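Asker: What follows is run34.txt, compact mmCIF, N, CA and C atoms.
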```txt
# COMPACT_ATOMS: atom_id res chain seq x y z
N MET P 1 -66.75 -178.38 3.69
CA MET P 1 -66.84 -177.20 4.54
C MET P 1 -68.22 -177.13 5.16
N THR P 2 -68.28 -176.65 6.36
CA THR P 2 -69.53 -176.49 7.08
C THR P 2 -69.94 -175.02 7.06
N GLN P 3 -71.23 -174.77 6.96
CA GLN P 3 -71.72 -173.40 7.09
C GLN P 3 -72.04 -173.14 8.56
N TYR P 4 -71.69 -171.94 9.00
CA TYR P 4 -71.92 -171.51 10.38
C TYR P 4 -72.68 -170.19 10.37
N LEU P 5 -73.56 -170.04 11.35
CA LEU P 5 -74.23 -168.77 11.60
C LEU P 5 -73.45 -168.05 12.68
N LEU P 6 -72.97 -166.87 12.36
CA LEU P 6 -72.33 -166.00 13.36
C LEU P 6 -73.35 -164.92 13.66
N SER P 7 -74.02 -165.01 14.81
CA SER P 7 -75.09 -164.07 15.13
C SER P 7 -74.60 -163.03 16.12
N VAL P 8 -74.82 -161.78 15.77
CA VAL P 8 -74.40 -160.65 16.60
C VAL P 8 -75.44 -160.44 17.68
N GLN P 9 -75.01 -160.51 18.92
CA GLN P 9 -75.90 -160.30 20.05
C GLN P 9 -75.90 -158.83 20.40
N GLY P 10 -76.87 -158.10 19.85
CA GLY P 10 -76.99 -156.67 20.12
C GLY P 10 -77.48 -156.45 21.54
N VAL P 11 -77.03 -155.40 22.15
CA VAL P 11 -77.41 -155.08 23.52
C VAL P 11 -77.96 -153.67 23.54
N ASP P 12 -79.12 -153.50 24.18
CA ASP P 12 -79.69 -152.16 24.34
C ASP P 12 -79.02 -151.48 25.53
N TYR P 13 -78.19 -150.51 25.24
CA TYR P 13 -77.52 -149.77 26.30
C TYR P 13 -78.25 -148.48 26.64
N GLY P 14 -79.32 -148.19 25.95
CA GLY P 14 -80.10 -146.99 26.24
C GLY P 14 -79.75 -145.83 25.34
N ALA P 15 -78.51 -145.38 25.37
CA ALA P 15 -78.09 -144.22 24.58
C ALA P 15 -77.65 -144.65 23.19
N ILE P 16 -78.02 -143.88 22.20
CA ILE P 16 -77.58 -144.13 20.83
C ILE P 16 -76.14 -143.64 20.70
N PRO P 17 -75.26 -144.47 20.13
CA PRO P 17 -73.86 -144.05 19.99
C PRO P 17 -73.73 -142.80 19.12
N ALA P 18 -72.68 -142.05 19.36
CA ALA P 18 -72.40 -140.85 18.57
C ALA P 18 -72.15 -141.22 17.12
N GLN P 19 -72.42 -140.31 16.21
CA GLN P 19 -72.29 -140.56 14.77
C GLN P 19 -70.89 -141.02 14.39
N ASP P 20 -69.85 -140.40 14.96
CA ASP P 20 -68.49 -140.80 14.60
C ASP P 20 -68.18 -142.21 15.10
N GLU P 21 -68.74 -142.59 16.24
CA GLU P 21 -68.55 -143.94 16.75
C GLU P 21 -69.25 -144.96 15.84
N MET P 22 -70.45 -144.63 15.38
CA MET P 22 -71.18 -145.51 14.48
C MET P 22 -70.43 -145.66 13.15
N GLU P 23 -69.90 -144.57 12.62
CA GLU P 23 -69.16 -144.63 11.36
C GLU P 23 -67.91 -145.48 11.51
N GLN P 24 -67.25 -145.39 12.66
CA GLN P 24 -66.07 -146.21 12.92
C GLN P 24 -66.45 -147.70 12.95
N THR P 25 -67.56 -148.02 13.61
CA THR P 25 -68.03 -149.41 13.66
C THR P 25 -68.40 -149.92 12.28
N TYR P 26 -69.13 -149.11 11.50
CA TYR P 26 -69.51 -149.51 10.14
C TYR P 26 -68.27 -149.75 9.29
N GLY P 27 -67.26 -148.91 9.45
CA GLY P 27 -66.01 -149.09 8.71
C GLY P 27 -65.31 -150.38 9.09
N ALA P 28 -65.26 -150.68 10.39
CA ALA P 28 -64.62 -151.90 10.86
C ALA P 28 -65.37 -153.14 10.38
N VAL P 29 -66.69 -153.10 10.42
CA VAL P 29 -67.49 -154.22 9.94
C VAL P 29 -67.32 -154.38 8.42
N GLY P 30 -67.28 -153.28 7.70
CA GLY P 30 -67.06 -153.35 6.26
C GLY P 30 -65.72 -153.99 5.92
N ALA P 31 -64.68 -153.63 6.67
CA ALA P 31 -63.36 -154.22 6.45
C ALA P 31 -63.38 -155.71 6.78
N PHE P 32 -64.06 -156.08 7.87
CA PHE P 32 -64.20 -157.49 8.22
C PHE P 32 -64.93 -158.25 7.11
N ASN P 33 -66.02 -157.68 6.60
CA ASN P 33 -66.77 -158.31 5.51
C ASN P 33 -65.87 -158.57 4.31
N GLU P 34 -65.06 -157.60 3.95
CA GLU P 34 -64.14 -157.75 2.81
C GLU P 34 -63.11 -158.85 3.07
N GLU P 35 -62.64 -158.95 4.31
CA GLU P 35 -61.68 -160.00 4.66
C GLU P 35 -62.32 -161.39 4.52
N VAL P 36 -63.56 -161.53 5.00
CA VAL P 36 -64.27 -162.81 4.88
C VAL P 36 -64.47 -163.17 3.41
N LYS P 37 -64.87 -162.17 2.62
CA LYS P 37 -65.07 -162.41 1.18
C LYS P 37 -63.78 -162.82 0.49
N SER P 38 -62.71 -162.10 0.75
CA SER P 38 -61.45 -162.40 0.07
C SER P 38 -60.88 -163.75 0.49
N ALA P 39 -61.26 -164.24 1.67
CA ALA P 39 -60.80 -165.55 2.12
C ALA P 39 -61.67 -166.68 1.57
N GLY P 40 -62.76 -166.33 0.89
CA GLY P 40 -63.65 -167.34 0.33
C GLY P 40 -64.60 -167.97 1.34
N ALA P 41 -64.74 -167.35 2.51
CA ALA P 41 -65.61 -167.89 3.55
C ALA P 41 -67.01 -167.27 3.54
N TRP P 42 -67.20 -166.23 2.77
CA TRP P 42 -68.45 -165.47 2.74
C TRP P 42 -69.58 -166.27 2.09
N VAL P 43 -70.74 -166.30 2.74
CA VAL P 43 -71.95 -166.84 2.13
C VAL P 43 -72.99 -165.74 2.06
N PHE P 44 -73.27 -165.11 3.19
CA PHE P 44 -74.32 -164.09 3.25
C PHE P 44 -74.22 -163.39 4.60
N ALA P 45 -74.66 -162.14 4.66
CA ALA P 45 -74.69 -161.41 5.92
C ALA P 45 -75.77 -160.34 5.87
N GLY P 46 -76.17 -159.88 7.03
CA GLY P 46 -77.15 -158.81 7.09
C GLY P 46 -77.26 -158.22 8.47
N GLY P 47 -77.52 -156.93 8.51
CA GLY P 47 -77.82 -156.26 9.76
C GLY P 47 -79.34 -156.14 9.89
N LEU P 48 -79.81 -156.10 11.10
CA LEU P 48 -81.25 -156.04 11.34
C LEU P 48 -81.64 -154.71 11.97
N GLN P 49 -82.85 -154.27 11.66
CA GLN P 49 -83.37 -153.07 12.30
C GLN P 49 -83.68 -153.38 13.76
N ALA P 50 -84.00 -152.35 14.51
CA ALA P 50 -84.25 -152.48 15.95
C ALA P 50 -85.38 -153.46 16.24
N PRO P 51 -85.34 -154.12 17.40
CA PRO P 51 -86.36 -155.11 17.74
C PRO P 51 -87.79 -154.57 17.72
N ASP P 52 -87.97 -153.28 17.95
CA ASP P 52 -89.34 -152.75 17.96
C ASP P 52 -89.95 -152.70 16.56
N THR P 53 -89.18 -153.03 15.52
CA THR P 53 -89.73 -153.12 14.16
C THR P 53 -90.23 -154.52 13.84
N ALA P 54 -90.03 -155.45 14.76
CA ALA P 54 -90.38 -156.85 14.51
C ALA P 54 -91.89 -157.08 14.55
N THR P 55 -92.30 -158.11 13.83
CA THR P 55 -93.67 -158.63 13.91
C THR P 55 -93.56 -160.12 14.18
N VAL P 56 -94.19 -160.58 15.24
CA VAL P 56 -94.19 -161.99 15.58
C VAL P 56 -95.46 -162.62 15.02
N VAL P 57 -95.31 -163.73 14.32
CA VAL P 57 -96.43 -164.45 13.72
C VAL P 57 -96.57 -165.78 14.44
N ARG P 58 -97.76 -166.06 14.95
CA ARG P 58 -98.01 -167.34 15.61
C ARG P 58 -99.37 -167.86 15.20
N ILE P 59 -99.57 -169.14 15.38
CA ILE P 59 -100.86 -169.76 15.08
C ILE P 59 -101.52 -170.11 16.41
N GLU P 60 -102.73 -169.61 16.60
CA GLU P 60 -103.53 -169.92 17.79
C GLU P 60 -104.91 -170.33 17.33
N ASN P 61 -105.33 -171.55 17.70
CA ASN P 61 -106.63 -172.07 17.30
C ASN P 61 -106.81 -171.99 15.78
N GLU P 62 -105.76 -172.37 15.05
CA GLU P 62 -105.78 -172.39 13.59
C GLU P 62 -105.88 -171.00 12.95
N GLU P 63 -105.72 -169.94 13.71
CA GLU P 63 -105.76 -168.57 13.20
C GLU P 63 -104.36 -167.97 13.28
N THR P 64 -104.01 -167.15 12.30
CA THR P 64 -102.74 -166.44 12.32
C THR P 64 -102.90 -165.18 13.17
N VAL P 65 -102.04 -165.07 14.19
CA VAL P 65 -102.09 -163.93 15.11
C VAL P 65 -100.77 -163.18 14.99
N LEU P 66 -100.84 -161.87 14.81
CA LEU P 66 -99.65 -161.02 14.69
C LEU P 66 -99.50 -160.18 15.95
N THR P 67 -98.26 -160.03 16.39
CA THR P 67 -97.96 -159.19 17.54
C THR P 67 -96.82 -158.26 17.15
N ASP P 68 -96.97 -156.98 17.38
CA ASP P 68 -95.90 -156.02 17.11
C ASP P 68 -94.83 -156.14 18.17
N GLY P 69 -93.60 -155.95 17.75
CA GLY P 69 -92.48 -155.96 18.68
C GLY P 69 -91.84 -157.32 18.78
N PRO P 70 -90.76 -157.42 19.54
CA PRO P 70 -90.01 -158.67 19.63
C PRO P 70 -90.81 -159.76 20.35
N TYR P 71 -90.41 -161.00 20.11
CA TYR P 71 -91.06 -162.15 20.72
C TYR P 71 -90.93 -162.10 22.24
N ALA P 72 -89.76 -161.74 22.72
CA ALA P 72 -89.52 -161.68 24.16
C ALA P 72 -88.89 -160.34 24.51
N GLU P 73 -89.29 -159.77 25.62
CA GLU P 73 -88.65 -158.55 26.10
C GLU P 73 -87.28 -158.91 26.66
N SER P 74 -86.27 -158.25 26.18
CA SER P 74 -84.91 -158.57 26.59
C SER P 74 -84.00 -157.40 26.30
N LYS P 75 -82.93 -157.31 27.06
CA LYS P 75 -81.93 -156.28 26.78
C LYS P 75 -81.02 -156.72 25.65
N GLU P 76 -80.97 -158.03 25.38
CA GLU P 76 -80.18 -158.56 24.28
C GLU P 76 -81.10 -158.99 23.15
N HIS P 77 -80.65 -158.84 21.94
CA HIS P 77 -81.44 -159.21 20.77
C HIS P 77 -80.49 -159.51 19.61
N LEU P 78 -81.03 -160.15 18.59
CA LEU P 78 -80.25 -160.43 17.39
C LEU P 78 -80.10 -159.13 16.61
N GLY P 79 -78.86 -158.69 16.48
CA GLY P 79 -78.61 -157.42 15.81
C GLY P 79 -78.20 -157.55 14.35
N GLY P 80 -77.72 -158.72 13.99
CA GLY P 80 -77.28 -158.98 12.64
C GLY P 80 -76.60 -160.34 12.60
N PHE P 81 -76.10 -160.72 11.44
CA PHE P 81 -75.52 -162.05 11.32
C PHE P 81 -74.63 -162.15 10.10
N TRP P 82 -73.80 -163.17 10.13
CA TRP P 82 -73.04 -163.61 8.97
C TRP P 82 -73.29 -165.10 8.82
N VAL P 83 -73.38 -165.58 7.61
CA VAL P 83 -73.33 -167.00 7.32
C VAL P 83 -72.02 -167.21 6.59
N ILE P 84 -71.18 -168.07 7.16
CA ILE P 84 -69.85 -168.30 6.58
C ILE P 84 -69.66 -169.79 6.34
N GLU P 85 -68.64 -170.11 5.55
CA GLU P 85 -68.19 -171.49 5.41
C GLU P 85 -66.80 -171.58 6.03
N ALA P 86 -66.62 -172.61 6.84
CA ALA P 86 -65.33 -172.80 7.50
C ALA P 86 -65.04 -174.30 7.58
N PRO P 87 -63.78 -174.67 7.60
CA PRO P 87 -63.43 -176.09 7.63
C PRO P 87 -63.80 -176.77 8.95
N ASP P 88 -63.87 -175.99 10.04
CA ASP P 88 -64.19 -176.59 11.34
C ASP P 88 -64.62 -175.48 12.32
N LEU P 89 -65.04 -175.92 13.50
CA LEU P 89 -65.52 -174.98 14.51
C LEU P 89 -64.44 -174.00 14.93
N ASP P 90 -63.21 -174.45 15.06
CA ASP P 90 -62.12 -173.55 15.46
C ASP P 90 -61.97 -172.39 14.48
N ALA P 91 -62.05 -172.69 13.19
CA ALA P 91 -61.94 -171.64 12.17
C ALA P 91 -63.14 -170.69 12.26
N ALA P 92 -64.33 -171.23 12.49
CA ALA P 92 -65.52 -170.38 12.63
C ALA P 92 -65.40 -169.48 13.86
N ILE P 93 -64.87 -170.02 14.94
CA ILE P 93 -64.67 -169.23 16.16
C ILE P 93 -63.66 -168.12 15.91
N ALA P 94 -62.62 -168.39 15.15
CA ALA P 94 -61.64 -167.35 14.82
C ALA P 94 -62.31 -166.22 14.05
N TRP P 95 -63.17 -166.57 13.05
CA TRP P 95 -63.91 -165.54 12.32
C TRP P 95 -64.83 -164.76 13.26
N ALA P 96 -65.49 -165.47 14.16
CA ALA P 96 -66.41 -164.81 15.10
C ALA P 96 -65.67 -163.81 15.99
N GLY P 97 -64.47 -164.16 16.39
CA GLY P 97 -63.67 -163.24 17.20
C GLY P 97 -63.36 -161.95 16.45
N LYS P 98 -63.01 -162.10 15.18
CA LYS P 98 -62.75 -160.92 14.36
C LYS P 98 -64.03 -160.11 14.16
N GLY P 99 -65.15 -160.80 13.96
CA GLY P 99 -66.43 -160.11 13.79
C GLY P 99 -66.85 -159.37 15.05
N ALA P 100 -66.66 -160.01 16.20
CA ALA P 100 -67.00 -159.38 17.48
C ALA P 100 -66.16 -158.13 17.72
N ARG P 101 -64.89 -158.22 17.37
CA ARG P 101 -64.01 -157.06 17.52
C ARG P 101 -64.47 -155.93 16.60
N ALA P 102 -64.88 -156.28 15.38
CA ALA P 102 -65.29 -155.26 14.40
C ALA P 102 -66.59 -154.57 14.82
N CYS P 103 -67.57 -155.35 15.27
CA CYS P 103 -68.88 -154.74 15.57
C CYS P 103 -69.03 -154.32 17.02
N GLY P 104 -68.12 -154.74 17.89
CA GLY P 104 -68.18 -154.33 19.28
C GLY P 104 -69.26 -155.02 20.09
N SER P 105 -69.71 -156.19 19.64
CA SER P 105 -70.75 -156.94 20.34
C SER P 105 -70.39 -158.41 20.35
N PRO P 106 -70.94 -159.17 21.30
CA PRO P 106 -70.70 -160.61 21.30
C PRO P 106 -71.26 -161.25 20.04
N VAL P 107 -70.63 -162.34 19.61
CA VAL P 107 -71.07 -163.09 18.42
C VAL P 107 -71.18 -164.56 18.80
N GLU P 108 -72.36 -165.13 18.58
CA GLU P 108 -72.60 -166.55 18.83
C GLU P 108 -72.29 -167.34 17.56
N VAL P 109 -71.67 -168.51 17.72
CA VAL P 109 -71.31 -169.38 16.59
C VAL P 109 -72.15 -170.65 16.67
N ARG P 110 -72.86 -170.96 15.57
CA ARG P 110 -73.66 -172.19 15.51
C ARG P 110 -73.55 -172.80 14.13
N PRO P 111 -73.22 -174.10 14.07
CA PRO P 111 -73.18 -174.77 12.78
C PRO P 111 -74.60 -175.06 12.29
N PHE P 112 -74.78 -175.06 10.98
CA PHE P 112 -76.04 -175.47 10.40
C PHE P 112 -76.14 -177.00 10.49
N GLU P 113 -77.36 -177.49 10.59
CA GLU P 113 -77.58 -178.93 10.57
C GLU P 113 -77.19 -179.50 9.22
N GLY P 114 -76.76 -180.75 9.24
CA GLY P 114 -76.43 -181.42 7.99
C GLY P 114 -74.99 -181.28 7.57
N GLY P 115 -74.17 -180.62 8.39
CA GLY P 115 -72.76 -180.47 8.06
C GLY P 115 -71.98 -181.68 8.48
N PRO P 116 -70.69 -181.71 8.17
CA PRO P 116 -69.85 -182.86 8.49
C PRO P 116 -69.75 -183.14 9.99
N GLU P 117 -70.02 -182.13 10.83
CA GLU P 117 -69.89 -182.33 12.28
C GLU P 117 -71.11 -183.00 12.89
N ASP P 118 -72.20 -183.22 12.10
CA ASP P 118 -73.40 -183.88 12.63
C ASP P 118 -73.19 -185.36 12.74
```
Rewrite the structure of this file - the entire thing - as structure tokens.
Answerer:
Amino acid sequence: MTQYLLSVQGVDYGAIPAQDEMEQTYGAVGAFNEEVKSAGAWVFAGGLQAPDTATVVRIENEETVLTDGPYAESKEHLGGFWVIEAPDLDAAIAWAGKGARACGSPVEVRPFEGGPED
């Protein structure tokens, strides 16, 4: 089995969703998580705080330099992720479709290096 990263592409729409809408999304994602676990495909998952909580670490002239905020200004950002195991890309894409439906955002699928597809 290959491990895949299913990354949620969060989009800044400006307005914060209503509480009932957020609860509905959390419920759908929770149900999706349980489905992945019960199928034996679950490895790990996590949601991320807003991009403005990020700290970028870089090395310049052998010195560590920290910058507050995201690496790049963008309307899209990494909002969360799942790491799953799937027999092939088609199966990972099927999981990503279910995840995208649950969280209401696009999900990118990428295999980890070193899997059978390399």
Asker: Which is closest to Gly80 (chain P) among P:Gln9, P:Gln24, P:Ser105, P:Thr55, if we use all atoms listed in the file?
Answerer: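 Distance minimum relative to Gly80 (chain P) lands on P:Gln9.
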Asker: State, in Å with one decimal place, the distance from CA of Glu113 (chain P) to CA of Ala100 (chain P).
Answerer: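 One can read the CA of Glu113 (chain P) to CA of Ala100 (chain P) distance as 23.3 Å.
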Asker: For the atom pair atom C of Leu78 (chain P) and atom N of Arg101 (chain P), what is the interatomic distance in Å to one decimal place?
Answerer: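 Result for atom C of Leu78 (chain P) versus atom N of Arg101 (chain P): 15.3 Å, one decimal.
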Asker: Work out how far apart CA of Pro106 (chain P) and CA of Asp52 (chain P) are and give it in Å to one decimal.
Answerer: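 Between these atoms lies a distance of 20.5 Å.
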Asker: From a DSSP pass on the backbone, collect the residues of region 23-70 of chain P flagged as strand (DSSP E or B) and hand them back as an NGL selection string.
Answerer: :P and (42-47 or 55-60 or 63-68)
Asker: Pull the alpha helix (DSSP H) assignments for region 13-113 of chain P out of DSSP run on the backbone, and list those residues as number ranges by chain.
Answerer: P: 19-38, 89-103
Asker: Using only C-alpha atoms, pick whichever of P:Val43, P:Val65, P:Glu60, P:Val8 has the shortest atom-to-atom distance to Ala86 (chain P).
Answerer: P:Val43
Asker: Between P:Val109, P:Ser7, P:Trp95, P:Ile16, single out the one closest to Gly79 (chain P), counting all atoms listed in the file.
Answerer: P:Ser7
Asker: For Ala39 (chain P), list every protein, DNA or RNA residue within 12 Å, evaluated using only C-alpha atoms, and leave out those in the same chain fewer than 6 positions away; present the list as a VMD selection string.
Answerer: chain P and resid 32 to 33 84 to 86 91 95
Asker: Restore N, CA, C and O atoms in region 74-93 of chain P and list the result as an mmCIF file, in the coordinates of the input.
Answerer:
```cif
data_model
loop_
_atom_site.group_PDB
_atom_site.id
_atom_site.type_symbol
_atom_site.label_atom_id
_atom_site.label_comp_id
_atom_site.auth_asym_id
_atom_site.auth_seq_id
_atom_site.Cartn_x
_atom_site.Cartn_y
_atom_site.Cartn_z
ATOM 1 N N SER P 74 -86.270 -158.250 26.180
ATOM 2 C CA SER P 74 -84.910 -158.570 26.590
ATOM 3 C C SER P 74 -84.000 -157.400 26.300
ATOM 4 O O SER P 74 -84.256 -156.614 25.394
ATOM 5 N N LYS P 75 -82.930 -157.310 27.060
ATOM 6 C CA LYS P 75 -81.930 -156.280 26.780
ATOM 7 C C LYS P 75 -81.020 -156.720 25.650
ATOM 8 O O LYS P 75 -80.351 -155.921 25.040
ATOM 9 N N GLU P 76 -80.970 -158.030 25.380
ATOM 10 C CA GLU P 76 -80.180 -158.560 24.280
ATOM 11 C C GLU P 76 -81.100 -158.990 23.150
ATOM 12 O O GLU P 76 -82.211 -159.451 23.403
ATOM 13 N N HIS P 77 -80.650 -158.840 21.940
ATOM 14 C CA HIS P 77 -81.440 -159.210 20.770
ATOM 15 C C HIS P 77 -80.490 -159.510 19.610
ATOM 16 O O HIS P 77 -79.315 -159.176 19.651
ATOM 17 N N LEU P 78 -81.030 -160.150 18.590
ATOM 18 C CA LEU P 78 -80.250 -160.430 17.390
ATOM 19 C C LEU P 78 -80.100 -159.130 16.610
ATOM 20 O O LEU P 78 -81.076 -158.539 16.182
ATOM 21 N N GLY P 79 -78.860 -158.690 16.480
ATOM 22 C CA GLY P 79 -78.610 -157.420 15.810
ATOM 23 C C GLY P 79 -78.200 -157.550 14.350
ATOM 24 O O GLY P 79 -78.326 -156.630 13.572
ATOM 25 N N GLY P 80 -77.720 -158.720 13.990
ATOM 26 C CA GLY P 80 -77.280 -158.980 12.640
ATOM 27 C C GLY P 80 -76.600 -160.340 12.600
ATOM 28 O O GLY P 80 -76.539 -161.037 13.617
ATOM 29 N N PHE P 81 -76.100 -160.720 11.440
ATOM 30 C CA PHE P 81 -75.520 -162.050 11.320
ATOM 31 C C PHE P 81 -74.630 -162.150 10.100
ATOM 32 O O PHE P 81 -74.716 -161.354 9.177
ATOM 33 N N TRP P 82 -73.800 -163.170 10.130
ATOM 34 C CA TRP P 82 -73.040 -163.610 8.970
ATOM 35 C C TRP P 82 -73.290 -165.100 8.820
ATOM 36 O O TRP P 82 -73.396 -165.821 9.814
ATOM 37 N N VAL P 83 -73.380 -165.580 7.610
ATOM 38 C CA VAL P 83 -73.330 -167.000 7.320
ATOM 39 C C VAL P 83 -72.020 -167.210 6.590
ATOM 40 O O VAL P 83 -71.762 -166.551 5.569
ATOM 41 N N ILE P 84 -71.180 -168.070 7.160
ATOM 42 C CA ILE P 84 -69.850 -168.300 6.580
ATOM 43 C C ILE P 84 -69.660 -169.790 6.340
ATOM 44 O O ILE P 84 -70.404 -170.620 6.868
ATOM 45 N N GLU P 85 -68.640 -170.110 5.550
ATOM 46 C CA GLU P 85 -68.190 -171.490 5.410
ATOM 47 C C GLU P 85 -66.800 -171.580 6.030
ATOM 48 O O GLU P 85 -65.946 -170.714 5.795
ATOM 49 N N ALA P 86 -66.620 -172.610 6.840
ATOM 50 C CA ALA P 86 -65.330 -172.800 7.500
ATOM 51 C C ALA P 86 -65.040 -174.300 7.580
ATOM 52 O O ALA P 86 -65.975 -175.108 7.651
ATOM 53 N N PRO P 87 -63.780 -174.670 7.600
ATOM 54 C CA PRO P 87 -63.430 -176.090 7.630
ATOM 55 C C PRO P 87 -63.800 -176.770 8.950
ATOM 56 O O PRO P 87 -64.013 -177.979 8.971
ATOM 57 N N ASP P 88 -63.870 -175.990 10.040
ATOM 58 C CA ASP P 88 -64.190 -176.590 11.340
ATOM 59 C C ASP P 88 -64.620 -175.480 12.320
ATOM 60 O O ASP P 88 -64.566 -174.294 11.988
ATOM 61 N N LEU P 89 -65.040 -175.920 13.500
ATOM 62 C CA LEU P 89 -65.520 -174.980 14.510
ATOM 63 C C LEU P 89 -64.440 -174.000 14.930
ATOM 64 O O LEU P 89 -64.713 -172.815 15.141
ATOM 65 N N ASP P 90 -63.210 -174.450 15.060
ATOM 66 C CA ASP P 90 -62.120 -173.550 15.460
ATOM 67 C C ASP P 90 -61.970 -172.390 14.480
ATOM 68 O O ASP P 90 -61.767 -171.249 14.882
ATOM 69 N N ALA P 91 -62.050 -172.690 13.190
ATOM 70 C CA ALA P 91 -61.940 -171.640 12.170
ATOM 71 C C ALA P 91 -63.140 -170.690 12.260
ATOM 72 O O ALA P 91 -62.978 -169.468 12.142
ATOM 73 N N ALA P 92 -64.330 -171.230 12.490
ATOM 74 C CA ALA P 92 -65.520 -170.380 12.630
ATOM 75 C C ALA P 92 -65.400 -169.480 13.860
ATOM 76 O O ALA P 92 -65.766 -168.302 13.825
ATOM 77 N N ILE P 93 -64.870 -170.020 14.940
ATOM 78 C CA ILE P 93 -64.670 -169.230 16.160
ATOM 79 C C ILE P 93 -63.660 -168.120 15.910
ATOM 80 O O ILE P 93 -63.823 -166.989 16.398
#
```
